[in-house]
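So this block is data-v4.pdb, PDB, C-alpha atoms:
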ATOM      1  CA  MET A 359     127.178  31.172 121.546
ATOM      2  CA  ASP A 360     126.746  34.856 120.733
ATOM      3  CA  ALA A 361     129.716  37.132 120.059
ATOM      4  CA  LEU A 362     129.708  40.910 119.712
ATOM      5  CA  LEU A 363     132.268  42.442 117.361
ATOM      6  CA  VAL A 364     132.842  46.219 117.465
ATOM      7  CA  ASP A 365     135.294  47.680 114.940
ATOM      8  CA  ASP A 366     135.003  50.688 112.648
ATOM      9  CA  SER A 367     137.001  48.931 109.910
ATOM     10  CA  ALA A 368     134.718  46.954 107.592
ATOM     11  CA  THR A 369     137.651  44.830 106.406
ATOM     12  CA  MET A 370     138.653  43.873 109.925
ATOM     13  CA  ARG A 371     135.045  43.136 110.905
ATOM     14  CA  LEU A 372     134.780  40.817 107.897
ATOM     15  CA  ARG A 373     138.061  39.067 108.774
ATOM     16  CA  LEU A 374     137.230  38.608 112.452
ATOM     17  CA  ARG A 375     133.647  37.570 111.705
ATOM     18  CA  GLY A 376     134.954  34.848 109.407
ATOM     19  CA  LEU A 377     137.361  33.554 112.054
ATOM     20  CA  LEU A 378     134.749  33.590 114.799
ATOM     21  CA  GLU A 379     131.991  32.005 112.744
ATOM     22  CA  ALA A 380     134.368  29.271 111.592
ATOM     23  CA  GLU A 381     133.919  27.800 115.067
ATOM     24  CA  PRO A 382     130.819  25.660 115.592
ATOM     25  CA  ASP A 383     127.733  27.315 117.118
ATOM     26  CA  VAL A 384     129.145  30.858 117.112
ATOM     27  CA  ALA A 385     126.881  33.652 115.904
ATOM     28  CA  VAL A 386     128.430  37.103 115.452
ATOM     29  CA  THR A 387     126.745  40.483 115.679
ATOM     30  CA  ASP A 388     128.963  43.318 114.484
ATOM     31  CA  HIS A 389     128.871  47.092 114.762
ATOM     32  CA  ALA A 390     131.015  49.835 113.250
ATOM     33  CA  ASP A 391     129.728  52.350 115.809
ATOM     34  CA  PRO A 392     130.809  51.658 119.412
ATOM     35  CA  ALA A 393     127.768  53.479 120.851
ATOM     36  CA  ALA A 394     125.434  51.210 118.872
ATOM     37  CA  GLY A 395     127.425  48.165 119.971
ATOM     38  CA  LEU A 396     127.260  49.250 123.604
ATOM     39  CA  LEU A 397     123.533  49.856 123.360
ATOM     40  CA  GLU A 398     122.919  46.405 121.901
ATOM     41  CA  ALA A 399     125.169  44.815 124.529
ATOM     42  CA  THR A 400     123.076  46.344 127.308
ATOM     43  CA  MET A 401     119.880  44.973 125.757
ATOM     44  CA  ARG A 402     121.253  41.548 124.857
ATOM     45  CA  ALA A 403     123.584  39.142 126.662
ATOM     46  CA  PHE A 404     126.656  38.260 124.594
ATOM     47  CA  ASP A 405     129.073  35.493 125.593
ATOM     48  CA  LEU A 406     132.177  37.057 124.002
ATOM     49  CA  VAL A 407     133.047  40.640 123.043
ATOM     50  CA  VAL A 408     135.752  41.643 120.544
ATOM     51  CA  VAL A 409     136.481  45.366 120.342
ATOM     52  CA  ASP A 410     138.908  47.594 118.443
ATOM     53  CA  TYR A 411     140.915  50.304 120.203
ATOM     54  CA  HIS A 412     140.835  53.166 117.652
ATOM     55  CA  MET A 413     137.218  54.071 116.900
ATOM     56  CA  PRO A 414     135.339  57.322 116.408
ATOM     57  CA  ALA A 415     133.616  58.982 119.383
ATOM     58  CA  MET A 416     134.635  56.261 121.870
ATOM     59  CA  ASP A 417     137.829  54.249 122.006
ATOM     60  CA  GLY A 418     137.984  50.578 122.948
ATOM     61  CA  ILE A 419     139.117  51.262 126.505
ATOM     62  CA  GLU A 420     136.105  53.484 127.184
ATOM     63  CA  PHE A 421     133.907  50.813 125.597
ATOM     64  CA  ILE A 422     135.319  48.102 127.882
ATOM     65  CA  GLN A 423     134.962  50.285 130.979
ATOM     66  CA  SER A 424     131.329  51.013 130.118
ATOM     67  CA  LEU A 425     130.596  47.373 129.357
ATOM     68  CA  ARG A 426     132.180  46.089 132.577
ATOM     69  CA  LYS A 427     129.722  48.259 134.539
ATOM     70  CA  VAL A 428     126.849  46.124 133.194
ATOM     71  CA  SER A 429     126.360  43.233 135.632
ATOM     72  CA  HIS A 430     126.183  40.493 132.970
ATOM     73  CA  TYR A 431     129.587  41.472 131.589
ATOM     74  CA  SER A 432     131.551  41.190 134.832
ATOM     75  CA  LEU A 433     132.893  37.760 133.807
ATOM     76  CA  VAL A 434     132.342  37.732 130.048
ATOM     77  CA  PRO A 435     135.613  37.539 128.078
ATOM     78  CA  ILE A 436     136.362  40.828 126.320
ATOM     79  CA  VAL A 437     139.264  40.962 123.880
ATOM     80  CA  MET A 438     140.796  44.089 122.415
ATOM     81  CA  VAL A 439     142.059  43.795 118.856
ATOM     82  CA  THR A 440     144.201  46.690 117.639
ATOM     83  CA  SER A 441     147.221  47.627 115.587
ATOM     84  CA  ASP A 442     148.448  49.890 118.417
ATOM     85  CA  VAL A 443     150.527  47.450 120.456
ATOM     86  CA  SER A 444     152.240  49.949 122.742
ATOM     87  CA  ASP A 445     152.624  48.947 126.361
ATOM     88  CA  SER A 446     150.570  51.905 127.553
ATOM     89  CA  VAL A 447     147.560  50.875 125.433
ATOM     90  CA  ARG A 448     147.942  47.204 126.367
ATOM     91  CA  LEU A 449     148.117  47.975 130.101
ATOM     92  CA  ALA A 450     145.240  50.454 129.916
ATOM     93  CA  ALA A 451     143.087  47.845 128.139
ATOM     94  CA  LEU A 452     143.902  45.161 130.677
ATOM     95  CA  ASP A 453     143.329  47.612 133.529
ATOM     96  CA  ALA A 454     139.939  48.536 132.039
ATOM     97  CA  GLY A 455     138.926  44.879 132.130
ATOM     98  CA  ALA A 456     140.060  43.339 128.857
ATOM     99  CA  THR A 457     140.564  39.585 129.119
ATOM    100  CA  ASP A 458     143.084  39.521 126.287
ATOM    101  CA  PHE A 459     144.853  41.858 123.871
ATOM    102  CA  ILE A 460     145.429  40.828 120.261
ATOM    103  CA  ASP A 461     147.533  42.563 117.593
ATOM    104  CA  LYS A 462     145.619  43.042 114.308
ATOM    105  CA  SER A 463     148.714  42.194 112.313
ATOM    106  CA  MET A 464     148.973  38.791 113.972
ATOM    107  CA  ARG A 465     149.382  35.838 111.612
ATOM    108  CA  GLY A 466     146.280  33.878 110.711
ATOM    109  CA  ILE A 467     147.028  30.714 112.666
ATOM    110  CA  GLU A 468     147.888  32.514 115.918
ATOM    111  CA  LEU A 469     144.867  34.777 115.650
ATOM    112  CA  THR A 470     142.645  31.777 114.911
ATOM    113  CA  VAL A 471     143.959  29.800 117.884
ATOM    114  CA  ARG A 472     143.691  32.723 120.304
ATOM    115  CA  LEU A 473     140.137  33.476 119.216
ATOM    116  CA  ARG A 474     139.276  29.773 119.519
ATOM    117  CA  ASN A 475     140.669  29.768 123.065
ATOM    118  CA  LEU A 476     138.600  32.833 123.928
ATOM    119  CA  ILE A 477     135.509  31.141 122.527
ATOM    120  CA  ARG A 478     136.209  28.110 124.719
ATOM    121  CA  LEU A 479     136.678  30.399 127.701
ATOM    122  CA  ALA A 480     133.357  32.096 126.947
ATOM    123  CA  GLN A 481     131.641  28.701 126.687
ATOM    124  CA  ALA A 482     133.126  27.656 130.035
ATOM    125  CA  VAL A 483     131.961  30.890 131.679
ATOM    126  CA  ARG A 484     128.465  30.357 130.285
ATOM    127  CA  LYS A 485     128.392  26.727 131.457
ATOM    128  CA  LEU A 486     129.527  27.725 134.948
ATOM    129  CA  ALA A 487     126.843  30.402 135.121
ATOM    130  CA  GLU A 488     124.193  27.860 134.112
ATOM    131  CA  GLN A 489     125.477  25.395 136.724
ATOM    132  CA  ALA A 490     125.443  28.116 139.388
ATOM    133  CA  THR A 491     121.821  28.895 138.552
ATOM    134  CA  TRP A 492     120.922  25.203 138.704
ATOM    135  CA  LEU A 493     122.727  24.810 142.047
ATOM    136  CA  ASP A 494     120.887  27.827 143.468
ATOM    137  CA  GLY A 495     117.616  26.107 142.602
ATOM    138  CA  GLU A 496     118.763  22.825 144.163
ATOM    139  CA  VAL A 497     119.858  24.557 147.374
ATOM    140  CA  GLU A 498     116.539  26.408 147.583
ATOM    141  CA  MET A 499     114.636  23.139 147.134
ATOM    142  CA  ALA A 500     116.750  21.392 149.806
ATOM    143  CA  LEU A 501     116.174  24.279 152.220
ATOM    144  CA  ARG A 502     112.442  24.128 151.578
ATOM    145  CA  HIS A 503     112.420  20.384 152.372
ATOM    146  CA  LEU A 504     114.470  21.006 155.505
ATOM    147  CA  ARG A 505     111.983  23.655 156.695
ATOM    148  CA  GLU A 506     109.093  21.266 156.037
ATOM    149  CA  ARG A 507     110.804  18.557 158.099
ATOM    150  CA  GLU A 508     111.458  20.981 160.949
ATOM    151  CA  GLU A 509     107.801  22.022 160.955
ATOM    152  CA  GLU A 510     106.733  18.369 160.986
ATOM    153  CA  ILE A 511     109.023  17.623 163.960
ATOM    154  CA  ILE A 512     107.664  20.620 165.873
ATOM    155  CA  PHE A 513     104.103  19.556 165.104
ATOM    156  CA  ARG A 514     104.714  15.987 166.278
ATOM    157  CA  LEU A 515     106.455  17.166 169.438
ATOM    158  CA  SER A 516     103.562  19.489 170.241
ATOM    159  CA  LEU A 517     101.182  16.521 169.854
ATOM    160  CA  ALA A 518     103.349  14.523 172.238
ATOM    161  CA  VAL A 519     103.156  17.321 174.821
ATOM    162  CA  GLU A 520      99.360  17.220 174.699
ATOM    163  CA  TYR A 521      99.352  13.620 175.929
ATOM    164  CA  ARG A 522     100.240  14.128 179.551
ATOM    165  CA  ASP A 523     101.718  11.262 181.529
ATOM    166  CA  ASN A 524      99.737  11.257 184.789
ATOM    167  CA  ASP A 525     102.054   8.742 186.499
ATOM    168  CA  THR A 526     105.199  10.916 186.620
ATOM    169  CA  GLY A 527     104.022  14.471 186.032
ATOM    170  CA  ASP A 528     107.329  15.251 184.374
ATOM    171  CA  HIS A 529     106.316  14.138 180.888
ATOM    172  CA  THR A 530     106.374  17.645 179.404
ATOM    173  CA  TRP A 531     109.872  18.247 180.759
ATOM    174  CA  ARG A 532     111.099  14.941 179.365
ATOM    175  CA  VAL A 533     109.649  15.756 175.920
ATOM    176  CA  ALA A 534     111.344  19.161 176.003
ATOM    177  CA  ARG A 535     114.631  17.510 176.943
ATOM    178  CA  TYR A 536     114.287  14.912 174.151
ATOM    179  CA  SER A 537     113.536  17.729 171.723
ATOM    180  CA  GLN A 538     116.671  19.505 172.824
ATOM    181  CA  ILE A 539     118.725  16.353 172.329
ATOM    182  CA  VAL A 540     117.183  15.682 168.881
ATOM    183  CA  ALA A 541     117.788  19.271 167.809
TER     184      ALA A 541
END
For the structure just supplied, provide its representation as structure tokens.
Amino acid sequence: MDALLVDDSATMRLRLRGLLEAEPDVAVTDHADPAAGLLEATMRAFDLVVVDYHMPAMDGIEFIQSLRKVSHYSLVPIVMVTSDVSDSVRLAALDAGATDFIDKSMRGIELTVRLRNLIRLAQAVRKLAEQATWLDGEVEMALRHLREREEEIIFRLSLAVEYRDNDTGDHTWRVARYSQIVA
């Protein structure tokens, strides 16, 4: 699973990277510059995004709004981590599309558990997306087989029409009626 971490604080990036990579199969890409992080996110599909609120040039809310416009990130969990825990910032982040809001000063165990839960959520979202893709393929294959069967039935019925029944003269009408009943 790939996680994107965007925070201008090197210390916080190191702390969060350590917590994220402590989970099995999690690879973290981090950026201090939100524009660089956004650019990489548009070129690469991440399963989880962790972003700070206070950053130069672009704050975390603007980052989330921009990221949510990219089709891949419509369901990807995005968490805002910040020391600014005011209600206005929290609500603005959630309104922009943040999945969760975490206080930077949170104790280690709570932060670890919440990040672990977000990782599990990201894994579930990825698994559901893979299953949806697989199901799309299965439905397409079933529809293709159904079309082939319909064509075969039409072909066989047209052959039956060619063999006229001279005794009754109504053979074609009977075949049409049977076709209607079968359909």
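For the structure in this document, the set picked by the PyMOL selection byres ((chain A and resi 537) around 12) is Glu508, Ile511, Ile512, Phe513, Arg514, Leu515, Ser516, Ala518, Val519, Thr530, Trp531, Arg532, Val533, Ala534, Arg535, Tyr536, Gln538, Ile539, Val540 and Ala541 of chain A.
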Using the selection just defined, write its residues with C-alpha atoms as an mmCIF file, in the frame of the given file.
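After the write, selection-v4.cif holds the following:
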data_model
loop_
_atom_site.group_PDB
_atom_site.id
_atom_site.type_symbol
_atom_site.label_atom_id
_atom_site.label_comp_id
_atom_site.auth_asym_id
_atom_site.auth_seq_id
_atom_site.Cartn_x
_atom_site.Cartn_y
_atom_site.Cartn_z
ATOM 1 C CA GLU A 508 111.458 20.981 160.949
ATOM 2 C CA ILE A 511 109.023 17.623 163.960
ATOM 3 C CA ILE A 512 107.664 20.620 165.873
ATOM 4 C CA PHE A 513 104.103 19.556 165.104
ATOM 5 C CA ARG A 514 104.714 15.987 166.278
ATOM 6 C CA LEU A 515 106.455 17.166 169.438
ATOM 7 C CA SER A 516 103.562 19.489 170.241
ATOM 8 C CA ALA A 518 103.349 14.523 172.238
ATOM 9 C CA VAL A 519 103.156 17.321 174.821
ATOM 10 C CA THR A 530 106.374 17.645 179.404
ATOM 11 C CA TRP A 531 109.872 18.247 180.759
ATOM 12 C CA ARG A 532 111.099 14.941 179.365
ATOM 13 C CA VAL A 533 109.649 15.756 175.920
ATOM 14 C CA ALA A 534 111.344 19.161 176.003
ATOM 15 C CA ARG A 535 114.631 17.510 176.943
ATOM 16 C CA TYR A 536 114.287 14.912 174.151
ATOM 17 C CA GLN A 538 116.671 19.505 172.824
ATOM 18 C CA ILE A 539 118.725 16.353 172.329
ATOM 19 C CA VAL A 540 117.183 15.682 168.881
ATOM 20 C CA ALA A 541 117.788 19.271 167.809
#
Matched chain/residue IDs from the PyMOL selection byres ((chain A and resi 441) around 8), as a count of residues only: 7
Spatial neighbours of region 450-457 of chain A, max dist 7 Å, only C-alpha atoms, sep filter under 4 positions, as JSON, numbers by chain: {"A": [419, 422, 423, 426, 435, 436, 437, 438, 446]}
Region 438-489 of chain A residues near region 377-391 of chain A within 10 Å, closest pair each, using all atoms listed in the file, as a tab-separated table:
residue	atom	partner	partner_atom	distance
A:Gly466	CA	A:Leu377	CA	9.0
A:Leu469	CA	A:Leu377	CA	8.4
A:Thr470	CA	A:Leu377	CA	6.3
A:Val471	CA	A:Leu377	CA	9.6
A:Leu473	CA	A:Leu378	CA	7.0
A:Arg474	CA	A:Glu381	CA	7.2
A:Leu476	CA	A:Leu378	CA	9.9
A:Ile477	CA	A:Leu378	CA	8.1
A:Arg478	CA	A:Glu381	CA	9.9
Explicit residues for the PyMOL selection byres ((chain A and resi 484) around 12) (as a short mmCIF file (atom, residue, chain, number, x, y, z; two decimals) with C-alpha atoms, keeping the file's coordinate frame):
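Printed below is out01.cif as written:
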data_model
loop_
_atom_site.label_atom_id
_atom_site.label_comp_id
_atom_site.auth_asym_id
_atom_site.auth_seq_id
_atom_site.Cartn_x
_atom_site.Cartn_y
_atom_site.Cartn_z
CA MET A 359 127.18 31.17 121.55
CA ASP A 360 126.75 34.86 120.73
CA ALA A 403 123.58 39.14 126.66
CA PHE A 404 126.66 38.26 124.59
CA ASP A 405 129.07 35.49 125.59
CA LEU A 406 132.18 37.06 124.00
CA HIS A 430 126.18 40.49 132.97
CA TYR A 431 129.59 41.47 131.59
CA LEU A 433 132.89 37.76 133.81
CA VAL A 434 132.34 37.73 130.05
CA PRO A 435 135.61 37.54 128.08
CA ILE A 477 135.51 31.14 122.53
CA ARG A 478 136.21 28.11 124.72
CA LEU A 479 136.68 30.40 127.70
CA ALA A 480 133.36 32.10 126.95
CA GLN A 481 131.64 28.70 126.69
CA ALA A 482 133.13 27.66 130.04
CA VAL A 483 131.96 30.89 131.68
CA LYS A 485 128.39 26.73 131.46
CA LEU A 486 129.53 27.72 134.95
CA ALA A 487 126.84 30.40 135.12
CA GLU A 488 124.19 27.86 134.11
CA GLN A 489 125.48 25.40 136.72
CA ALA A 490 125.44 28.12 139.39
CA THR A 491 121.82 28.90 138.55
#
Computed interatomic separation between CA of Leu493 (chain A) and CA of Arg505 (chain A) (Å): 18.2 Å
Å distance separating CA of Gly376 (chain A) from CA of Ile460 (chain A), one decimal place: 16.2 Å
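CA of Val364 (chain A) is found 9.0 Å from CA of Ala394 (chain A).
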Which of A:Asp366, A:Glu468, A:Asp494, A:Glu506 sits closest to Asp417 (chain A) [using only C-alpha atoms]: A:Asp366
Selected residue, from A:Thr369, A:His412, A:Leu363, A:Leu374, that lies nearest to Ala399 (chain A) when counting only C-alpha atoms: A:Leu363
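Ranking A:Val408, A:Leu517, A:Ala500, A:Ala361 by their shortest atom-to-atom distance to Phe459 (chain A), with only C-alpha atoms included, puts A:Val408 first.
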